[in-house]
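What follows is a short report on a single structure.
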Amino acid sequence: DNYSASRVLFESFIEAGGEAIVGIGSCLEYGNAVGYVKENSISTELGHFGETKAKLRDELSKMEIPYLWFRPFYLFGRNQHPNSLLNMTLKNRNASNNTWLQKPNEAHDYVYAEDFGRIASALIKQRIWIKELNIGTSVTYTNLEFVNMIRKELNLPQYEVEVTQSECMKADLVKLRKVLPEYQFMSVSRALAETFSNMKSDST
């Protein structure tokens, strides 16, 4: 349904004389790739979500209009869905061990949602339509490391579990560095501090 509706929206926008289209894809378009992935990397073993996103992007690339197709990696920040790792950590804040955490050693390229917003805003304002673009930090953390950073921010005890990082994909940022060479991503720890500060402000 999302694919069909988006395609109709794209076509209607072009017919109405739109200047360019901005779409949000996903790093899941890369499937089971590991290591640094470039925007033109060949995808293998895509899940249903990644396959649908990739199919929609392929359709967009055939349309006669400039476009930006952002591929954010593992976004985090306030107002995430209830089953996000951040919110699940908050829900299990009183758990004495990490048995609630699925795949603690699975690693991801976590990127702050506010960084994604700042990058998207900068490129759109400058009308830089460069097709596909990775949005990630190229730095990876395991789920358990990410959870422990959240717990540290909440002044909670760390889970003392030996961590072995699994192979994972991370964003190749060559293309991003060409268009925004001075941009610096916020560290995960600092981004979490800002997230909780904003969440406190939201609740008051």
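Each chain in the structure tokens gets a letter, A, B, ..., in the order shown, and its residues are numbered from 1; ligands are numbered from 1 in order too.
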Neighbour list for stretch 77-87 of chain A as number ranges by chain, cut-off 10 Å, only C-alpha atoms, skip fewer than 4 positions in-chain: A: 91-93, 101-102, 111-114, 143-144, 146-147, 150-151, 191-192, 194-199, 202
Since we have the selection now, will you write its residues out, keeping N, CA and C atoms, as a short mmCIF file (atom, residue, chain, number, x, y, z; two decimals), in the first residue's frame?
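So part-v1.cif came out as:
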```cif
data_model
loop_
_atom_site.label_atom_id
_atom_site.label_comp_id
_atom_site.auth_asym_id
_atom_site.auth_seq_id
_atom_site.Cartn_x
_atom_site.Cartn_y
_atom_site.Cartn_z
N LYS A 91 11.75 1.15 29.15
CA LYS A 91 10.73 0.27 29.70
C LYS A 91 11.34 -0.75 30.66
N ASN A 92 12.58 -1.19 30.36
CA ASN A 92 13.24 -2.21 31.17
C ASN A 92 14.34 -1.61 32.06
N ARG A 93 14.20 -0.38 32.41
CA ARG A 93 15.24 0.31 33.19
C ARG A 93 15.51 -0.35 34.53
N LEU A 101 16.86 -8.15 26.28
CA LEU A 101 17.42 -7.59 25.05
C LEU A 101 17.69 -8.68 24.02
N GLN A 102 17.06 -8.56 22.88
CA GLN A 102 17.29 -9.51 21.80
C GLN A 102 18.56 -9.12 21.03
N VAL A 111 22.58 6.61 14.11
CA VAL A 111 22.68 8.02 13.74
C VAL A 111 21.54 8.79 14.39
N TYR A 112 21.87 9.92 14.95
CA TYR A 112 20.91 10.77 15.65
C TYR A 112 19.92 11.37 14.65
N ALA A 113 18.63 11.28 14.97
CA ALA A 113 17.60 11.79 14.06
C ALA A 113 17.77 13.27 13.77
N GLU A 114 18.27 14.03 14.75
CA GLU A 114 18.49 15.47 14.53
C GLU A 114 19.59 15.71 13.50
N ASN A 143 24.07 -3.57 20.08
CA ASN A 143 22.86 -3.19 20.78
C ASN A 143 23.12 -3.03 22.28
N LEU A 144 23.94 -3.92 22.84
CA LEU A 144 24.22 -3.84 24.27
C LEU A 144 25.02 -2.59 24.61
N PHE A 146 24.90 0.20 23.02
CA PHE A 146 23.96 1.31 22.90
C PHE A 146 23.07 1.39 24.14
N VAL A 147 22.58 0.24 24.59
CA VAL A 147 21.75 0.19 25.79
C VAL A 147 22.53 0.71 27.00
N ILE A 150 22.66 4.40 27.09
CA ILE A 150 21.40 4.96 27.58
C ILE A 150 21.33 4.85 29.10
N ARG A 151 21.71 3.68 29.62
CA ARG A 151 21.66 3.47 31.07
C ARG A 151 22.64 4.40 31.80
N ALA A 191 24.43 12.84 21.81
CA ALA A 191 23.08 12.85 21.23
C ALA A 191 22.06 12.29 22.22
N LEU A 192 22.45 11.25 22.95
CA LEU A 192 21.54 10.70 23.96
C LEU A 192 21.28 11.71 25.07
N GLU A 194 21.29 14.92 24.77
CA GLU A 194 20.39 15.93 24.22
C GLU A 194 18.98 15.37 24.10
N THR A 195 18.87 14.10 23.71
CA THR A 195 17.55 13.47 23.58
C THR A 195 16.79 13.49 24.89
N PHE A 196 17.47 13.07 25.99
CA PHE A 196 16.80 13.03 27.29
C PHE A 196 16.52 14.42 27.81
N SER A 197 17.37 15.36 27.51
CA SER A 197 17.12 16.75 27.89
C SER A 197 15.87 17.27 27.20
N ASN A 198 15.72 16.96 25.91
CA ASN A 198 14.54 17.38 25.16
C ASN A 198 13.29 16.67 25.65
N MET A 199 13.44 15.39 26.02
CA MET A 199 12.29 14.63 26.51
C MET A 199 11.79 15.22 27.82
N ASP A 202 9.88 18.27 26.99
CA ASP A 202 8.57 17.94 26.42
C ASP A 202 7.54 17.63 27.50
#
```
Selection: 12 Å around A:Ser61, only C-alpha atoms, excl. self and same-chain fewer than 3 positions, as a VMD selection string: chain A and resid 7 10 20 to 23 54 to 58 64 to 69 130 to 132
Dump as a PDB file, in the first residue's frame, selection limited to N, CA, C and O atoms:
```pdb
ATOM      1  N   ARG A   7       4.096   5.944  -5.173  1.00  0.00           N
ATOM      2  CA  ARG A   7       4.306   6.059  -6.614  1.00  0.00           C
ATOM      3  C   ARG A   7       3.282   7.012  -7.237  1.00  0.00           C
ATOM      4  O   ARG A   7       3.634   7.861  -8.068  1.00  0.00           O
ATOM      5  N   PHE A  10       4.261  10.543  -6.321  1.00  0.00           N
ATOM      6  CA  PHE A  10       5.379  11.014  -7.143  1.00  0.00           C
ATOM      7  C   PHE A  10       4.892  11.447  -8.523  1.00  0.00           C
ATOM      8  O   PHE A  10       5.248  12.522  -9.024  1.00  0.00           O
ATOM      9  N   ALA A  20      11.514  18.951  -7.621  1.00  0.00           N
ATOM     10  CA  ALA A  20      12.324  17.780  -7.271  1.00  0.00           C
ATOM     11  C   ALA A  20      11.584  16.986  -6.215  1.00  0.00           C
ATOM     12  O   ALA A  20      10.692  17.498  -5.531  1.00  0.00           O
ATOM     13  N   ILE A  21      11.964  15.731  -6.071  1.00  0.00           N
ATOM     14  CA  ILE A  21      11.329  14.854  -5.088  1.00  0.00           C
ATOM     15  C   ILE A  21      12.363  14.433  -4.048  1.00  0.00           C
ATOM     16  O   ILE A  21      13.493  14.073  -4.384  1.00  0.00           O
ATOM     17  N   VAL A  22      11.959  14.489  -2.798  1.00  0.00           N
ATOM     18  CA  VAL A  22      12.792  14.009  -1.693  1.00  0.00           C
ATOM     19  C   VAL A  22      12.123  12.777  -1.109  1.00  0.00           C
ATOM     20  O   VAL A  22      10.970  12.842  -0.669  1.00  0.00           O
ATOM     21  N   GLY A  23      12.831  11.667  -1.120  1.00  0.00           N
ATOM     22  CA  GLY A  23      12.305  10.425  -0.562  1.00  0.00           C
ATOM     23  C   GLY A  23      13.199   9.923   0.556  1.00  0.00           C
ATOM     24  O   GLY A  23      14.387  10.257   0.620  1.00  0.00           O
ATOM     25  N   ALA A  54      13.528  -0.360  -2.024  1.00  0.00           N
ATOM     26  CA  ALA A  54      14.399  -0.389  -3.202  1.00  0.00           C
ATOM     27  C   ALA A  54      13.589  -0.330  -4.492  1.00  0.00           C
ATOM     28  O   ALA A  54      13.962   0.353  -5.455  1.00  0.00           O
ATOM     29  N   LYS A  55      12.470  -1.010  -4.506  1.00  0.00           N
ATOM     30  CA  LYS A  55      11.601  -1.010  -5.694  1.00  0.00           C
ATOM     31  C   LYS A  55      11.041   0.385  -5.949  1.00  0.00           C
ATOM     32  O   LYS A  55      11.014   0.852  -7.092  1.00  0.00           O
ATOM     33  N   LEU A  56      10.642   1.081  -4.891  1.00  0.00           N
ATOM     34  CA  LEU A  56      10.116   2.430  -5.036  1.00  0.00           C
ATOM     35  C   LEU A  56      11.199   3.383  -5.527  1.00  0.00           C
ATOM     36  O   LEU A  56      10.965   4.222  -6.399  1.00  0.00           O
ATOM     37  N   ARG A  57      12.401   3.241  -4.999  1.00  0.00           N
ATOM     38  CA  ARG A  57      13.512   4.088  -5.436  1.00  0.00           C
ATOM     39  C   ARG A  57      13.829   3.829  -6.906  1.00  0.00           C
ATOM     40  O   ARG A  57      14.102   4.767  -7.670  1.00  0.00           O
ATOM     41  N   ASP A  58      13.775   2.565  -7.335  1.00  0.00           N
ATOM     42  CA  ASP A  58      14.012   2.242  -8.746  1.00  0.00           C
ATOM     43  C   ASP A  58      12.980   2.919  -9.640  1.00  0.00           C
ATOM     44  O   ASP A  58      13.313   3.428 -10.722  1.00  0.00           O
ATOM     45  N   GLU A  64      11.222  11.428 -14.801  1.00  0.00           N
ATOM     46  CA  GLU A  64      11.989  12.566 -15.307  1.00  0.00           C
ATOM     47  C   GLU A  64      11.893  13.748 -14.345  1.00  0.00           C
ATOM     48  O   GLU A  64      11.231  14.755 -14.628  1.00  0.00           O
ATOM     49  N   ILE A  65      12.585  13.605 -13.220  1.00  0.00           N
ATOM     50  CA  ILE A  65      12.612  14.677 -12.230  1.00  0.00           C
ATOM     51  C   ILE A  65      13.855  14.493 -11.353  1.00  0.00           C
ATOM     52  O   ILE A  65      14.244  13.363 -11.043  1.00  0.00           O
ATOM     53  N   PRO A  66      14.525  15.576 -10.972  1.00  0.00           N
ATOM     54  CA  PRO A  66      15.650  15.448 -10.035  1.00  0.00           C
ATOM     55  C   PRO A  66      15.128  14.922  -8.687  1.00  0.00           C
ATOM     56  O   PRO A  66      13.981  15.171  -8.306  1.00  0.00           O
ATOM     57  N   TYR A  67      15.986  14.213  -7.971  1.00  0.00           N
ATOM     58  CA  TYR A  67      15.522  13.699  -6.686  1.00  0.00           C
ATOM     59  C   TYR A  67      16.673  13.517  -5.708  1.00  0.00           C
ATOM     60  O   TYR A  67      17.855  13.454  -6.071  1.00  0.00           O
ATOM     61  N   LEU A  68      16.286  13.451  -4.451  1.00  0.00           N
ATOM     62  CA  LEU A  68      17.167  13.089  -3.340  1.00  0.00           C
ATOM     63  C   LEU A  68      16.542  11.880  -2.666  1.00  0.00           C
ATOM     64  O   LEU A  68      15.359  11.915  -2.293  1.00  0.00           O
ATOM     65  N   TRP A  69      17.307  10.819  -2.519  1.00  0.00           N
ATOM     66  CA  TRP A  69      16.797   9.613  -1.857  1.00  0.00           C
ATOM     67  C   TRP A  69      17.708   9.319  -0.665  1.00  0.00           C
ATOM     68  O   TRP A  69      18.790   8.767  -0.799  1.00  0.00           O
ATOM     69  N   ILE A 130      21.146  15.029  -5.506  1.00  0.00           N
ATOM     70  CA  ILE A 130      22.226  14.096  -5.878  1.00  0.00           C
ATOM     71  C   ILE A 130      21.800  12.635  -5.806  1.00  0.00           C
ATOM     72  O   ILE A 130      22.606  11.746  -5.605  1.00  0.00           O
ATOM     73  N   LYS A 131      20.509  12.407  -5.951  1.00  0.00           N
ATOM     74  CA  LYS A 131      19.959  11.049  -5.983  1.00  0.00           C
ATOM     75  C   LYS A 131      20.180  10.346  -4.644  1.00  0.00           C
ATOM     76  O   LYS A 131      19.834  10.876  -3.611  1.00  0.00           O
ATOM     77  N   GLU A 132      20.769   9.134  -4.637  1.00  0.00           N
ATOM     78  CA  GLU A 132      20.884   8.370  -3.399  1.00  0.00           C
ATOM     79  C   GLU A 132      21.973   8.945  -2.491  1.00  0.00           C
ATOM     80  O   GLU A 132      23.036   9.367  -2.969  1.00  0.00           O
TER      81      GLU A 132
END
```
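Here atom CA of A:Ala122 is placed at a distance of 13.8 Å from atom CA of A:Phe185.
Neighbouring residues of stretch 32-39 of chain A at 9 Å or closer, counting only C-alpha atoms and skipping chain neighbours under 5 positions away, are Thr44, Glu45, Leu46, Gly47, Arg71, Glu132, Leu133, Asn134, Ser138, Glu167, Cys168, Met169, Lys170, Ala171, Asp172, Leu173, Val174 and Lys175 of chain A.
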Pull all heavy atoms from the residues just selected and write them as a short mmCIF file (atom, residue, chain, number, x, y, z; two decimals), in the first residue's frame.
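For reference, selection-v8.cif as written:
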```
data_model
loop_
_atom_site.label_atom_id
_atom_site.label_comp_id
_atom_site.auth_asym_id
_atom_site.auth_seq_id
_atom_site.Cartn_x
_atom_site.Cartn_y
_atom_site.Cartn_z
N THR A 44 21.77 -7.73 -1.67
CA THR A 44 21.46 -9.16 -1.69
C THR A 44 20.60 -9.51 -0.49
O THR A 44 20.72 -8.91 0.57
CB THR A 44 22.74 -10.02 -1.65
OG1 THR A 44 23.49 -9.69 -0.46
CG2 THR A 44 23.61 -9.79 -2.87
N GLU A 45 19.72 -10.47 -0.67
CA GLU A 45 18.88 -11.00 0.40
C GLU A 45 18.14 -9.90 1.15
O GLU A 45 18.25 -9.76 2.37
CB GLU A 45 19.72 -11.84 1.37
CG GLU A 45 20.36 -13.06 0.73
CD GLU A 45 21.13 -13.90 1.73
OE1 GLU A 45 20.56 -14.23 2.78
OE2 GLU A 45 22.31 -14.20 1.45
N LEU A 46 17.38 -9.12 0.42
CA LEU A 46 16.59 -8.05 1.03
C LEU A 46 15.36 -8.62 1.71
O LEU A 46 14.74 -9.54 1.19
CB LEU A 46 16.14 -7.03 -0.02
CG LEU A 46 17.11 -5.92 -0.40
CD1 LEU A 46 18.31 -6.48 -1.14
CD2 LEU A 46 16.41 -4.89 -1.26
N GLY A 47 15.02 -8.07 2.85
CA GLY A 47 13.75 -8.40 3.48
C GLY A 47 12.63 -7.67 2.76
O GLY A 47 12.86 -6.87 1.85
N ARG A 71 19.15 7.57 2.50
CA ARG A 71 19.19 6.23 3.11
C ARG A 71 19.73 6.36 4.53
O ARG A 71 20.92 6.19 4.78
CB ARG A 71 20.07 5.29 2.31
CG ARG A 71 19.43 4.79 1.03
CD ARG A 71 20.02 3.46 0.60
NE ARG A 71 19.46 3.09 -0.69
CZ ARG A 71 20.13 3.13 -1.84
NH1 ARG A 71 21.38 3.53 -1.86
NH2 ARG A 71 19.54 2.77 -2.96
N GLU A 132 20.77 9.13 -4.64
CA GLU A 132 20.88 8.37 -3.40
C GLU A 132 21.97 8.95 -2.49
O GLU A 132 23.04 9.37 -2.97
CB GLU A 132 21.20 6.90 -3.69
CG GLU A 132 20.14 6.19 -4.51
CD GLU A 132 20.22 6.50 -5.99
OE1 GLU A 132 21.29 6.95 -6.46
OE2 GLU A 132 19.20 6.33 -6.70
N LEU A 133 21.70 8.95 -1.18
CA LEU A 133 22.69 9.47 -0.24
C LEU A 133 22.58 8.75 1.10
O LEU A 133 21.53 8.74 1.73
CB LEU A 133 22.49 10.97 -0.02
CG LEU A 133 23.54 11.64 0.90
CD1 LEU A 133 24.91 11.66 0.20
CD2 LEU A 133 23.11 13.04 1.27
N ASN A 134 23.69 8.16 1.53
CA ASN A 134 23.75 7.52 2.85
C ASN A 134 23.76 8.56 3.96
O ASN A 134 24.47 9.57 3.86
CB ASN A 134 25.03 6.68 2.99
CG ASN A 134 24.99 5.39 2.21
OD1 ASN A 134 23.92 4.88 1.90
ND2 ASN A 134 26.15 4.86 1.90
N SER A 138 29.26 5.88 10.11
CA SER A 138 30.35 4.95 9.84
C SER A 138 30.95 4.36 11.12
O SER A 138 31.93 3.63 11.07
CB SER A 138 31.48 5.59 9.01
OG SER A 138 31.02 5.90 7.72
N GLU A 167 29.54 -8.94 12.57
CA GLU A 167 29.76 -8.17 11.34
C GLU A 167 28.51 -7.39 11.02
O GLU A 167 27.40 -7.86 11.22
CB GLU A 167 30.09 -9.12 10.19
CG GLU A 167 31.49 -9.71 10.24
CD GLU A 167 31.82 -10.42 8.94
OE1 GLU A 167 31.10 -11.38 8.61
OE2 GLU A 167 32.77 -10.02 8.26
N CYS A 168 28.70 -6.19 10.53
CA CYS A 168 27.53 -5.37 10.23
C CYS A 168 27.86 -4.40 9.10
O CYS A 168 29.01 -4.26 8.70
CB CYS A 168 27.08 -4.60 11.47
SG CYS A 168 28.31 -3.42 12.07
N MET A 169 26.83 -3.73 8.62
CA MET A 169 27.04 -2.72 7.58
C MET A 169 27.19 -1.35 8.22
O MET A 169 26.66 -1.08 9.29
CB MET A 169 25.87 -2.72 6.59
CG MET A 169 24.61 -2.08 7.11
SD MET A 169 23.36 -1.95 5.82
CE MET A 169 22.44 -3.45 6.11
N LYS A 170 27.94 -0.50 7.56
CA LYS A 170 28.06 0.88 7.99
C LYS A 170 28.12 1.78 6.76
O LYS A 170 28.49 1.33 5.68
CB LYS A 170 29.27 1.08 8.89
CG LYS A 170 30.55 0.46 8.43
CD LYS A 170 31.60 0.56 9.54
CE LYS A 170 32.62 -0.54 9.46
NZ LYS A 170 33.59 -0.51 10.56
N ALA A 171 27.77 3.02 6.96
CA ALA A 171 27.63 3.94 5.84
C ALA A 171 28.97 4.38 5.29
O ALA A 171 29.82 4.87 6.04
CB ALA A 171 26.81 5.16 6.26
N ASP A 172 29.15 4.22 4.00
CA ASP A 172 30.26 4.87 3.30
C ASP A 172 29.81 6.31 3.07
O ASP A 172 28.73 6.56 2.53
CB ASP A 172 30.51 4.16 1.96
CG ASP A 172 31.60 4.84 1.15
OD1 ASP A 172 31.33 5.95 0.62
OD2 ASP A 172 32.68 4.27 1.04
N LEU A 173 30.63 7.28 3.50
CA LEU A 173 30.21 8.68 3.48
C LEU A 173 30.93 9.53 2.44
O LEU A 173 30.92 10.76 2.53
CB LEU A 173 30.42 9.29 4.87
CG LEU A 173 29.65 8.63 6.01
CD1 LEU A 173 29.96 9.31 7.33
CD2 LEU A 173 28.16 8.65 5.74
N VAL A 174 31.53 8.90 1.44
CA VAL A 174 32.27 9.65 0.43
C VAL A 174 31.38 10.68 -0.25
O VAL A 174 31.75 11.84 -0.42
CB VAL A 174 32.89 8.69 -0.61
CG1 VAL A 174 33.45 9.48 -1.79
CG2 VAL A 174 33.98 7.84 0.03
N LYS A 175 30.19 10.28 -0.62
CA LYS A 175 29.27 11.17 -1.33
C LYS A 175 28.82 12.32 -0.42
O LYS A 175 28.76 13.48 -0.86
CB LYS A 175 28.07 10.37 -1.83
CG LYS A 175 27.30 11.03 -2.94
CD LYS A 175 26.28 10.07 -3.53
CE LYS A 175 25.54 10.69 -4.70
NZ LYS A 175 24.53 9.75 -5.26
#
```
Residue nearest A:Leu180 among A:Leu60, A:Leu9, A:Ala95, A:Leu123 (counting only C-alpha atoms): A:Leu123
DSSP-assigned helix (DSSP H, G or I) members of stretch 41-102 of chain A, reported as number ranges by chain: A: 48-62, 85-91
